[in-house]
Amino acid sequence: MRILVSNDDGVHAPGLRALVDALAPVGRVVVVAPDRERSAVGHALTLHRPLRLERIRPDWYAVDGTPTDCVHLGLHGILDRPPDLVVAGINHGPNLSTDITYSGTVAVALEGALLGLPSVAVSLAADRGGRFEVAGQAARRVVEAVAGRGLPHGTFLNVNVPPAGRWEDLAGIRITRQGRREFGSGVVEKVDPRGRTYYWIGSRELGRVEDDLDADVAAVGAGWVSVTPIRTDLTDHGFLEELGRWAL
Ligand code: MN
């Protein structure tokens, strides 16, 4: 069993180390991760400049590119054959609801799934507090299940672990769907020292979250490890037929 691991918090992030330690008993782990933090770069692929790869130690590589670049270089530049699994994380911070479209962590698993590999994204759903080791325990459980059972083609898993000091403090593992959440603009407008206006996108959270425990946001809020199956096919199949009746 060979596992390709990447993240978007960078190759030196403590969550990455925790994930590698958690998955070491499952198989041989090869890390290909961005050389610095690349959070919220989404599924970006670097096409207009060359990429550099640095071998930090055996089975650990840093790339001056995006998380998606790392999956590509892992598959096509470093490994002599495709890995059995792709795992992302452990991200420092949640990847829930529609936020996953911005996530470099989720993009790693998305890219793995697009390349036909069973893939899992793991996040510690806390901006502070919580222990990566506990999230690592959740990662190992889910990854072992995926290794044994596989996943449908074009589907990957998005795992979010609430902050907890011990595994026993969690409510358990809950299978969820993407939840809905309302956001504020979060944009701060100020004037720079040369008199020009600038804008800074900050926290967009309003805190309004649906309370259905089958939704990822609510489940994590209630102390459950949330596991959401995500499809790479973004087509709205339910709307296809009606759209076909439009006289376009
Ligand atoms: Mn991140």
# chains A, B, ... in the order shown; residues from 1 in each chain; ligands from 1
$ closest_atom_pairs --of "chain A" --to "ligand 1" --cutoff "6 Å" --atoms "only C-alpha atoms and all ligand atoms" --output "CSV"
residue,atom,partner,partner_atom_place_in_ligand_line,distance
A:Asp8,CA,ligand 1,1 (Mn),4.8
A:Asp9,CA,ligand 1,1 (Mn),4.4
A:Ser39,CA,ligand 1,1 (Mn),4.1
A:Asn91,CA,ligand 1,1 (Mn),5.0
A:His92,CA,ligand 1,1 (Mn),5.6
$ residues_around --residues "range 197-203 of chain A" --least-positions-apart "5" --cutoff "7 Å" --atoms "only C-alpha atoms" --output "list of chain:residue names"
A:Gly186, A:Val187, A:Val188, A:Glu189, A:Lys190, A:Val191, A:Asp192
$ write_last_selection --atoms "N, CA and C atoms" --output "PDB file, in the first residue's frame"
ATOM      1  N   GLY A 186     -17.311  40.231   4.903  1.00  0.00           N
ATOM      2  CA  GLY A 186     -15.990  40.086   5.490  1.00  0.00           C
ATOM      3  C   GLY A 186     -14.944  40.999   4.892  1.00  0.00           C
ATOM      4  N   VAL A 187     -15.367  41.938   4.022  1.00  0.00           N
ATOM      5  CA  VAL A 187     -14.383  42.791   3.352  1.00  0.00           C
ATOM      6  C   VAL A 187     -14.124  44.042   4.184  1.00  0.00           C
ATOM      7  N   VAL A 188     -12.848  44.277   4.481  1.00  0.00           N
ATOM      8  CA  VAL A 188     -12.429  45.470   5.215  1.00  0.00           C
ATOM      9  C   VAL A 188     -11.889  46.483   4.212  1.00  0.00           C
ATOM     10  N   GLU A 189     -12.410  47.723   4.275  1.00  0.00           N
ATOM     11  CA  GLU A 189     -11.947  48.775   3.359  1.00  0.00           C
ATOM     12  C   GLU A 189     -11.149  49.800   4.154  1.00  0.00           C
ATOM     13  N   LYS A 190      -9.912  50.053   3.728  1.00  0.00           N
ATOM     14  CA  LYS A 190      -9.057  51.026   4.425  1.00  0.00           C
ATOM     15  C   LYS A 190      -8.278  51.836   3.387  1.00  0.00           C
ATOM     16  N   VAL A 191      -7.502  52.784   3.882  1.00  0.00           N
ATOM     17  CA  VAL A 191      -6.688  53.613   2.993  1.00  0.00           C
ATOM     18  C   VAL A 191      -5.219  53.374   3.316  1.00  0.00           C
ATOM     19  N   ASP A 192      -4.419  53.146   2.268  1.00  0.00           N
ATOM     20  CA  ASP A 192      -3.005  52.845   2.495  1.00  0.00           C
ATOM     21  C   ASP A 192      -2.202  54.140   2.726  1.00  0.00           C
TER      22      ASP A 192
END
$ residues_around --residues "Ile90 in chain A" --least-positions-apart "3" --cutoff "9 Å" --atoms "only C-alpha atoms" --output "ChimeraX atom specification"
/A:6-7,9,13-19,87,93,105,121-124,132,135-136,139
$ write_last_selection --atoms "N, CA, C and O atoms" --output "PDB file, in the first residue's frame"
ATOM      1  N   SER A   6      -0.462  15.052   0.574  1.00  0.00           N
ATOM      2  CA  SER A   6      -0.136  16.459   0.346  1.00  0.00           C
ATOM      3  C   SER A   6      -1.025  17.318   1.244  1.00  0.00           C
ATOM      4  O   SER A   6      -1.823  16.789   2.025  1.00  0.00           O
ATOM      5  N   ASN A   7      -0.854  18.636   1.139  1.00  0.00           N
ATOM      6  CA  ASN A   7      -1.671  19.546   1.953  1.00  0.00           C
ATOM      7  C   ASN A   7      -1.641  20.927   1.316  1.00  0.00           C
ATOM      8  O   ASN A   7      -1.082  21.101   0.225  1.00  0.00           O
ATOM      9  N   ASP A   9      -1.217  23.660   3.744  1.00  0.00           N
ATOM     10  CA  ASP A   9      -0.599  24.462   4.800  1.00  0.00           C
ATOM     11  C   ASP A   9       0.929  24.465   4.682  1.00  0.00           C
ATOM     12  O   ASP A   9       1.607  25.143   5.464  1.00  0.00           O
ATOM     13  N   ALA A  13       4.064  22.133   7.973  1.00  0.00           N
ATOM     14  CA  ALA A  13       2.892  22.262   8.851  1.00  0.00           C
ATOM     15  C   ALA A  13       2.787  21.064   9.806  1.00  0.00           C
ATOM     16  O   ALA A  13       3.000  19.915   9.398  1.00  0.00           O
ATOM     17  N   PRO A  14       2.468  21.318  11.071  1.00  0.00           N
ATOM     18  CA  PRO A  14       2.353  20.209  12.033  1.00  0.00           C
ATOM     19  C   PRO A  14       1.253  19.217  11.671  1.00  0.00           C
ATOM     20  O   PRO A  14       1.366  18.028  11.982  1.00  0.00           O
ATOM     21  N   GLY A  15       0.199  19.675  11.010  1.00  0.00           N
ATOM     22  CA  GLY A  15      -0.879  18.768  10.621  1.00  0.00           C
ATOM     23  C   GLY A  15      -0.425  17.726   9.609  1.00  0.00           C
ATOM     24  O   GLY A  15      -0.925  16.592   9.590  1.00  0.00           O
ATOM     25  N   LEU A  16       0.531  18.093   8.763  1.00  0.00           N
ATOM     26  CA  LEU A  16       1.066  17.154   7.775  1.00  0.00           C
ATOM     27  C   LEU A  16       1.853  16.043   8.479  1.00  0.00           C
ATOM     28  O   LEU A  16       1.687  14.860   8.202  1.00  0.00           O
ATOM     29  N   ARG A  17       2.703  16.456   9.409  1.00  0.00           N
ATOM     30  CA  ARG A  17       3.486  15.489  10.189  1.00  0.00           C
ATOM     31  C   ARG A  17       2.556  14.507  10.920  1.00  0.00           C
ATOM     32  O   ARG A  17       2.774  13.293  10.946  1.00  0.00           O
ATOM     33  N   ALA A  18       1.491  15.048  11.523  1.00  0.00           N
ATOM     34  CA  ALA A  18       0.544  14.207  12.265  1.00  0.00           C
ATOM     35  C   ALA A  18      -0.136  13.203  11.341  1.00  0.00           C
ATOM     36  O   ALA A  18      -0.360  12.042  11.718  1.00  0.00           O
ATOM     37  N   LEU A  19      -0.451  13.636  10.118  1.00  0.00           N
ATOM     38  CA  LEU A  19      -1.108  12.731   9.165  1.00  0.00           C
ATOM     39  C   LEU A  19      -0.146  11.612   8.745  1.00  0.00           C
ATOM     40  O   LEU A  19      -0.535  10.438   8.684  1.00  0.00           O
ATOM     41  N   VAL A  87      -4.150  11.175   0.081  1.00  0.00           N
ATOM     42  CA  VAL A  87      -4.738  11.730   1.307  1.00  0.00           C
ATOM     43  C   VAL A  87      -4.198  13.140   1.517  1.00  0.00           C
ATOM     44  O   VAL A  87      -2.991  13.379   1.376  1.00  0.00           O
ATOM     45  N   GLY A  93      -7.856  24.050  10.274  1.00  0.00           N
ATOM     46  CA  GLY A  93      -9.072  24.821  10.018  1.00  0.00           C
ATOM     47  C   GLY A  93     -10.081  23.971   9.277  1.00  0.00           C
ATOM     48  O   GLY A  93      -9.719  22.999   8.608  1.00  0.00           O
ATOM     49  N   THR A 105      -6.732  21.963   0.316  1.00  0.00           N
ATOM     50  CA  THR A 105      -6.752  20.621   0.909  1.00  0.00           C
ATOM     51  C   THR A 105      -7.732  19.724   0.152  1.00  0.00           C
ATOM     52  O   THR A 105      -7.393  18.608  -0.262  1.00  0.00           O
ATOM     53  N   ALA A 121      -9.736  13.857   1.991  1.00  0.00           N
ATOM     54  CA  ALA A 121      -9.235  15.125   2.542  1.00  0.00           C
ATOM     55  C   ALA A 121      -9.586  15.168   4.021  1.00  0.00           C
ATOM     56  O   ALA A 121     -10.712  14.847   4.400  1.00  0.00           O
ATOM     57  N   VAL A 122      -8.622  15.576   4.853  1.00  0.00           N
ATOM     58  CA  VAL A 122      -8.830  15.589   6.305  1.00  0.00           C
ATOM     59  C   VAL A 122      -8.516  16.980   6.858  1.00  0.00           C
ATOM     60  O   VAL A 122      -7.458  17.545   6.557  1.00  0.00           O
ATOM     61  N   SER A 123      -9.434  17.513   7.676  1.00  0.00           N
ATOM     62  CA  SER A 123      -9.245  18.831   8.283  1.00  0.00           C
ATOM     63  C   SER A 123      -9.553  18.779   9.768  1.00  0.00           C
ATOM     64  O   SER A 123     -10.500  18.109  10.195  1.00  0.00           O
ATOM     65  N   LEU A 124      -8.746  19.498  10.538  1.00  0.00           N
ATOM     66  CA  LEU A 124      -9.055  19.737  11.951  1.00  0.00           C
ATOM     67  C   LEU A 124      -9.901  21.001  11.989  1.00  0.00           C
ATOM     68  O   LEU A 124      -9.422  22.090  11.665  1.00  0.00           O
ATOM     69  N   PHE A 132      -3.926  17.596  16.570  1.00  0.00           N
ATOM     70  CA  PHE A 132      -3.797  16.919  15.280  1.00  0.00           C
ATOM     71  C   PHE A 132      -3.736  15.407  15.465  1.00  0.00           C
ATOM     72  O   PHE A 132      -4.152  14.658  14.580  1.00  0.00           O
ATOM     73  N   ALA A 135      -7.217  14.086  15.331  1.00  0.00           N
ATOM     74  CA  ALA A 135      -7.685  14.111  13.940  1.00  0.00           C
ATOM     75  C   ALA A 135      -6.995  13.009  13.129  1.00  0.00           C
ATOM     76  O   ALA A 135      -7.597  12.420  12.227  1.00  0.00           O
ATOM     77  N   GLY A 136      -5.736  12.720  13.475  1.00  0.00           N
ATOM     78  CA  GLY A 136      -5.007  11.651  12.805  1.00  0.00           C
ATOM     79  C   GLY A 136      -5.645  10.289  13.036  1.00  0.00           C
ATOM     80  O   GLY A 136      -5.654   9.436  12.144  1.00  0.00           O
ATOM     81  N   ALA A 139      -8.428  10.127  10.688  1.00  0.00           N
ATOM     82  CA  ALA A 139      -7.899   9.938   9.328  1.00  0.00           C
ATOM     83  C   ALA A 139      -7.561   8.468   9.092  1.00  0.00           C
ATOM     84  O   ALA A 139      -7.896   7.896   8.051  1.00  0.00           O
TER      85      ALA A 139
END
$ closest_residue --among "A:Glu182, A:Asp169, A:Asp35, A:Asp69" --to "Val134 in chain A" --atoms "only C-alpha atoms"
A:Asp169
$ residues_around --residues "Ala109 in chain A" --least-positions-apart "2" --cutoff "6 Å" --atoms "only C-alpha atoms" --output "short mmCIF file (atom, residue, chain, number, x, y, z; two decimals) with N, CA and C atoms, in the first residue's frame"
data_model
loop_
_atom_site.label_atom_id
_atom_site.label_comp_id
_atom_site.auth_asym_id
_atom_site.auth_seq_id
_atom_site.Cartn_x
_atom_site.Cartn_y
_atom_site.Cartn_z
N VAL A 106 -8.96 20.23 -0.01
CA VAL A 106 -9.97 19.45 -0.73
C VAL A 106 -9.55 19.25 -2.19
N ALA A 107 -8.85 20.24 -2.75
CA ALA A 107 -8.39 20.13 -4.14
C ALA A 107 -7.43 18.95 -4.34
N GLU A 111 -8.24 16.23 -7.03
CA GLU A 111 -7.30 15.88 -8.10
C GLU A 111 -7.03 14.37 -8.10
N GLY A 112 -6.87 13.81 -6.89
CA GLY A 112 -6.67 12.37 -6.79
C GLY A 112 -7.83 11.62 -7.42
N SER A 119 -9.45 8.81 -2.78
CA SER A 119 -8.84 9.99 -2.18
C SER A 119 -9.66 10.50 -1.00
N VAL A 120 -8.95 11.06 -0.02
CA VAL A 120 -9.57 11.54 1.22
C VAL A 120 -8.92 12.87 1.60
N ALA A 121 -9.74 13.86 1.99
CA ALA A 121 -9.24 15.12 2.54
C ALA A 121 -9.59 15.17 4.02
#
$ closest_atom_pairs --of "range 158-192 of chain A" --to "range 227-243 of chain A" --cutoff "12 Å" --atoms "only C-alpha atoms" --output "tab-separated table"
residue	atom	partner	partner_atom	distance
A:Asn158	CA	A:Thr228	CA	5.1
A:Val159	CA	A:Val227	CA	4.6
A:Asn160	CA	A:Val227	CA	6.7
A:Val161	CA	A:Val227	CA	8.9
A:Pro162	CA	A:Val227	CA	11.7
A:Gly172	CA	A:Val227	CA	10.8
A:Ile173	CA	A:Val227	CA	7.2
A:Arg174	CA	A:Val227	CA	6.2
A:Ile175	CA	A:Val227	CA	4.9
A:Thr176	CA	A:Thr228	CA	5.0
A:Arg177	CA	A:Thr228	CA	5.4
A:Gln178	CA	A:Thr228	CA	6.9
A:Gly179	CA	A:Thr228	CA	9.9
$ closest_residue --among "A:Leu47, A:Leu117, A:Ala138, A:Ala125" --to "Gly154 in chain A" --atoms "only C-alpha atoms"
A:Leu117
$ decode --residues "range 141-174 of chain A" --atoms "N, CA, C and O atoms" --output "PDB file, in the first residue's frame"
ATOM      1  N   ARG A 141      -8.711   5.750  10.584  1.00  0.00           N
ATOM      2  CA  ARG A 141      -9.923   4.911  10.497  1.00  0.00           C
ATOM      3  C   ARG A 141     -10.550   5.005   9.116  1.00  0.00           C
ATOM      4  O   ARG A 141     -10.917   3.997   8.506  1.00  0.00           O
ATOM      5  N   VAL A 142     -10.700   6.235   8.622  1.00  0.00           N
ATOM      6  CA  VAL A 142     -11.360   6.434   7.330  1.00  0.00           C
ATOM      7  C   VAL A 142     -10.486   5.878   6.200  1.00  0.00           C
ATOM      8  O   VAL A 142     -10.983   5.191   5.295  1.00  0.00           O
ATOM      9  N   VAL A 143      -9.185   6.155   6.266  1.00  0.00           N
ATOM     10  CA  VAL A 143      -8.286   5.713   5.193  1.00  0.00           C
ATOM     11  C   VAL A 143      -8.212   4.183   5.146  1.00  0.00           C
ATOM     12  O   VAL A 143      -8.201   3.578   4.070  1.00  0.00           O
ATOM     13  N   GLU A 144      -8.187   3.534   6.308  1.00  0.00           N
ATOM     14  CA  GLU A 144      -8.174   2.066   6.319  1.00  0.00           C
ATOM     15  C   GLU A 144      -9.447   1.504   5.679  1.00  0.00           C
ATOM     16  O   GLU A 144      -9.393   0.517   4.944  1.00  0.00           O
ATOM     17  N   ALA A 145     -10.572   2.139   5.954  1.00  0.00           N
ATOM     18  CA  ALA A 145     -11.836   1.682   5.349  1.00  0.00           C
ATOM     19  C   ALA A 145     -11.808   1.860   3.836  1.00  0.00           C
ATOM     20  O   ALA A 145     -12.227   0.983   3.081  1.00  0.00           O
ATOM     21  N   VAL A 146     -11.294   3.008   3.390  1.00  0.00           N
ATOM     22  CA  VAL A 146     -11.206   3.268   1.950  1.00  0.00           C
ATOM     23  C   VAL A 146     -10.228   2.301   1.292  1.00  0.00           C
ATOM     24  O   VAL A 146     -10.480   1.793   0.190  1.00  0.00           O
ATOM     25  N   ALA A 147      -9.120   2.014   1.979  1.00  0.00           N
ATOM     26  CA  ALA A 147      -8.141   1.068   1.429  1.00  0.00           C
ATOM     27  C   ALA A 147      -8.770  -0.309   1.245  1.00  0.00           C
ATOM     28  O   ALA A 147      -8.479  -1.022   0.281  1.00  0.00           O
ATOM     29  N   GLY A 148      -9.659  -0.685   2.171  1.00  0.00           N
ATOM     30  CA  GLY A 148     -10.285  -2.001   2.099  1.00  0.00           C
ATOM     31  C   GLY A 148     -11.427  -2.074   1.098  1.00  0.00           C
ATOM     32  O   GLY A 148     -11.613  -3.093   0.434  1.00  0.00           O
ATOM     33  N   ARG A 149     -12.190  -0.993   0.993  1.00  0.00           N
ATOM     34  CA  ARG A 149     -13.428  -1.039   0.210  1.00  0.00           C
ATOM     35  C   ARG A 149     -13.353  -0.302  -1.114  1.00  0.00           C
ATOM     36  O   ARG A 149     -14.196  -0.497  -1.996  1.00  0.00           O
ATOM     37  N   GLY A 150     -12.408   0.642  -1.252  1.00  0.00           N
ATOM     38  CA  GLY A 150     -12.382   1.484  -2.438  1.00  0.00           C
ATOM     39  C   GLY A 150     -13.487   2.516  -2.385  1.00  0.00           C
ATOM     40  O   GLY A 150     -14.258   2.585  -1.415  1.00  0.00           O
ATOM     41  N   LEU A 151     -13.580   3.333  -3.416  1.00  0.00           N
ATOM     42  CA  LEU A 151     -14.627   4.358  -3.519  1.00  0.00           C
ATOM     43  C   LEU A 151     -15.190   4.316  -4.933  1.00  0.00           C
ATOM     44  O   LEU A 151     -14.496   3.909  -5.860  1.00  0.00           O
ATOM     45  N   PRO A 152     -16.440   4.757  -5.109  1.00  0.00           N
ATOM     46  CA  PRO A 152     -16.969   4.832  -6.483  1.00  0.00           C
ATOM     47  C   PRO A 152     -16.104   5.757  -7.335  1.00  0.00           C
ATOM     48  O   PRO A 152     -15.540   6.725  -6.820  1.00  0.00           O
ATOM     49  N   HIS A 153     -16.008   5.480  -8.624  1.00  0.00           N
ATOM     50  CA  HIS A 153     -15.228   6.328  -9.516  1.00  0.00           C
ATOM     51  C   HIS A 153     -15.803   7.746  -9.491  1.00  0.00           C
ATOM     52  O   HIS A 153     -17.003   7.939  -9.593  1.00  0.00           O
ATOM     53  N   GLY A 154     -14.921   8.727  -9.316  1.00  0.00           N
ATOM     54  CA  GLY A 154     -15.376  10.121  -9.312  1.00  0.00           C
ATOM     55  C   GLY A 154     -15.907  10.592  -7.969  1.00  0.00           C
ATOM     56  O   GLY A 154     -16.510  11.661  -7.892  1.00  0.00           O
ATOM     57  N   THR A 155     -15.694   9.833  -6.903  1.00  0.00           N
ATOM     58  CA  THR A 155     -16.126  10.228  -5.562  1.00  0.00           C
ATOM     59  C   THR A 155     -14.924  10.214  -4.619  1.00  0.00           C
ATOM     60  O   THR A 155     -14.109   9.298  -4.675  1.00  0.00           O
ATOM     61  N   PHE A 156     -14.820  11.263  -3.795  1.00  0.00           N
ATOM     62  CA  PHE A 156     -13.806  11.262  -2.733  1.00  0.00           C
ATOM     63  C   PHE A 156     -14.468  11.637  -1.420  1.00  0.00           C
ATOM     64  O   PHE A 156     -15.660  11.993  -1.386  1.00  0.00           O
ATOM     65  N   LEU A 157     -13.724  11.513  -0.314  1.00  0.00           N
ATOM     66  CA  LEU A 157     -14.292  11.776   1.003  1.00  0.00           C
ATOM     67  C   LEU A 157     -13.680  13.039   1.604  1.00  0.00           C
ATOM     68  O   LEU A 157     -12.466  13.238   1.554  1.00  0.00           O
ATOM     69  N   ASN A 158     -14.544  13.879   2.184  1.00  0.00           N
ATOM     70  CA  ASN A 158     -14.105  15.082   2.894  1.00  0.00           C
ATOM     71  C   ASN A 158     -14.379  14.874   4.385  1.00  0.00           C
ATOM     72  O   ASN A 158     -15.528  14.757   4.797  1.00  0.00           O
ATOM     73  N   VAL A 159     -13.295  14.810   5.167  1.00  0.00           N
ATOM     74  CA  VAL A 159     -13.394  14.499   6.601  1.00  0.00           C
ATOM     75  C   VAL A 159     -13.054  15.742   7.419  1.00  0.00           C
ATOM     76  O   VAL A 159     -12.027  16.382   7.175  1.00  0.00           O
ATOM     77  N   ASN A 160     -13.909  16.102   8.356  1.00  0.00           N
ATOM     78  CA  ASN A 160     -13.648  17.209   9.286  1.00  0.00           C
ATOM     79  C   ASN A 160     -13.762  16.699  10.709  1.00  0.00           C
ATOM     80  O   ASN A 160     -14.762  16.071  11.075  1.00  0.00           O
ATOM     81  N   VAL A 161     -12.747  17.002  11.510  1.00  0.00           N
ATOM     82  CA  VAL A 161     -12.691  16.506  12.886  1.00  0.00           C
ATOM     83  C   VAL A 161     -12.800  17.694  13.837  1.00  0.00           C
ATOM     84  O   VAL A 161     -11.975  18.612  13.773  1.00  0.00           O
ATOM     85  N   PRO A 162     -13.795  17.685  14.734  1.00  0.00           N
ATOM     86  CA  PRO A 162     -13.900  18.790  15.696  1.00  0.00           C
ATOM     87  C   PRO A 162     -12.707  18.784  16.645  1.00  0.00           C
ATOM     88  O   PRO A 162     -12.067  17.740  16.832  1.00  0.00           O
ATOM     89  N   PRO A 163     -12.389  19.934  17.231  1.00  0.00           N
ATOM     90  CA  PRO A 163     -11.286  19.951  18.197  1.00  0.00           C
ATOM     91  C   PRO A 163     -11.626  19.100  19.409  1.00  0.00           C
ATOM     92  O   PRO A 163     -12.728  19.183  19.941  1.00  0.00           O
ATOM     93  N   ALA A 164     -10.677  18.257  19.813  1.00  0.00           N
ATOM     94  CA  ALA A 164     -10.878  17.404  20.986  1.00  0.00           C
ATOM     95  C   ALA A 164      -9.524  17.054  21.572  1.00  0.00           C
ATOM     96  O   ALA A 164      -8.535  16.925  20.849  1.00  0.00           O
ATOM     97  N   GLY A 165      -9.455  16.914  22.865  1.00  0.00           N
ATOM     98  CA  GLY A 165      -8.212  16.531  23.532  1.00  0.00           C
ATOM     99  C   GLY A 165      -7.948  15.043  23.431  1.00  0.00           C
ATOM    100  O   GLY A 165      -6.804  14.598  23.425  1.00  0.00           O
ATOM    101  N   ARG A 166      -9.038  14.271  23.346  1.00  0.00           N
ATOM    102  CA  ARG A 166      -8.913  12.811  23.254  1.00  0.00           C
ATOM    103  C   ARG A 166      -9.968  12.284  22.294  1.00  0.00           C
ATOM    104  O   ARG A 166     -11.034  12.891  22.131  1.00  0.00           O
ATOM    105  N   TRP A 167      -9.714  11.139  21.687  1.00  0.00           N
ATOM    106  CA  TRP A 167     -10.679  10.500  20.788  1.00  0.00           C
ATOM    107  C   TRP A 167     -12.022  10.283  21.498  1.00  0.00           C
ATOM    108  O   TRP A 167     -13.084  10.458  20.926  1.00  0.00           O
ATOM    109  N   GLU A 168     -11.952   9.901  22.774  1.00  0.00           N
ATOM    110  CA  GLU A 168     -13.168   9.586  23.539  1.00  0.00           C
ATOM    111  C   GLU A 168     -14.061  10.828  23.716  1.00  0.00           C
ATOM    112  O   GLU A 168     -15.255  10.700  24.024  1.00  0.00           O
ATOM    113  N   ASP A 169     -13.492  12.018  23.557  1.00  0.00           N
ATOM    114  CA  ASP A 169     -14.297  13.233  23.727  1.00  0.00           C
ATOM    115  C   ASP A 169     -15.175  13.525  22.507  1.00  0.00           C
ATOM    116  O   ASP A 169     -16.074  14.369  22.581  1.00  0.00           O
ATOM    117  N   LEU A 170     -14.922  12.843  21.388  1.00  0.00           N
ATOM    118  CA  LEU A 170     -15.725  13.065  20.179  1.00  0.00           C
ATOM    119  C   LEU A 170     -17.032  12.277  20.273  1.00  0.00           C
ATOM    120  O   LEU A 170     -17.098  11.231  20.926  1.00  0.00           O
ATOM    121  N   ALA A 171     -18.073  12.780  19.589  1.00  0.00           N
ATOM    122  CA  ALA A 171     -19.373  12.103  19.623  1.00  0.00           C
ATOM    123  C   ALA A 171     -19.356  10.817  18.810  1.00  0.00           C
ATOM    124  O   ALA A 171     -20.152   9.907  19.048  1.00  0.00           O
ATOM    125  N   GLY A 172     -18.436  10.729  17.835  1.00  0.00           N
ATOM    126  CA  GLY A 172     -18.366   9.556  16.953  1.00  0.00           C
ATOM    127  C   GLY A 172     -18.200  10.034  15.515  1.00  0.00           C
ATOM    128  O   GLY A 172     -17.914  11.209  15.282  1.00  0.00           O
ATOM    129  N   ILE A 173     -18.364   9.110  14.577  1.00  0.00           N
ATOM    130  CA  ILE A 173     -18.223   9.452  13.158  1.00  0.00           C
ATOM    131  C   ILE A 173     -19.611   9.491  12.528  1.00  0.00           C
ATOM    132  O   ILE A 173     -20.414   8.589  12.726  1.00  0.00           O
ATOM    133  N   ARG A 174     -19.892  10.556  11.787  1.00  0.00           N
ATOM    134  CA  ARG A 174     -21.208  10.741  11.193  1.00  0.00           C
ATOM    135  C   ARG A 174     -21.071  10.975   9.680  1.00  0.00           C
ATOM    136  O   ARG A 174     -20.242  11.781   9.257  1.00  0.00           O
TER     137      ARG A 174
END
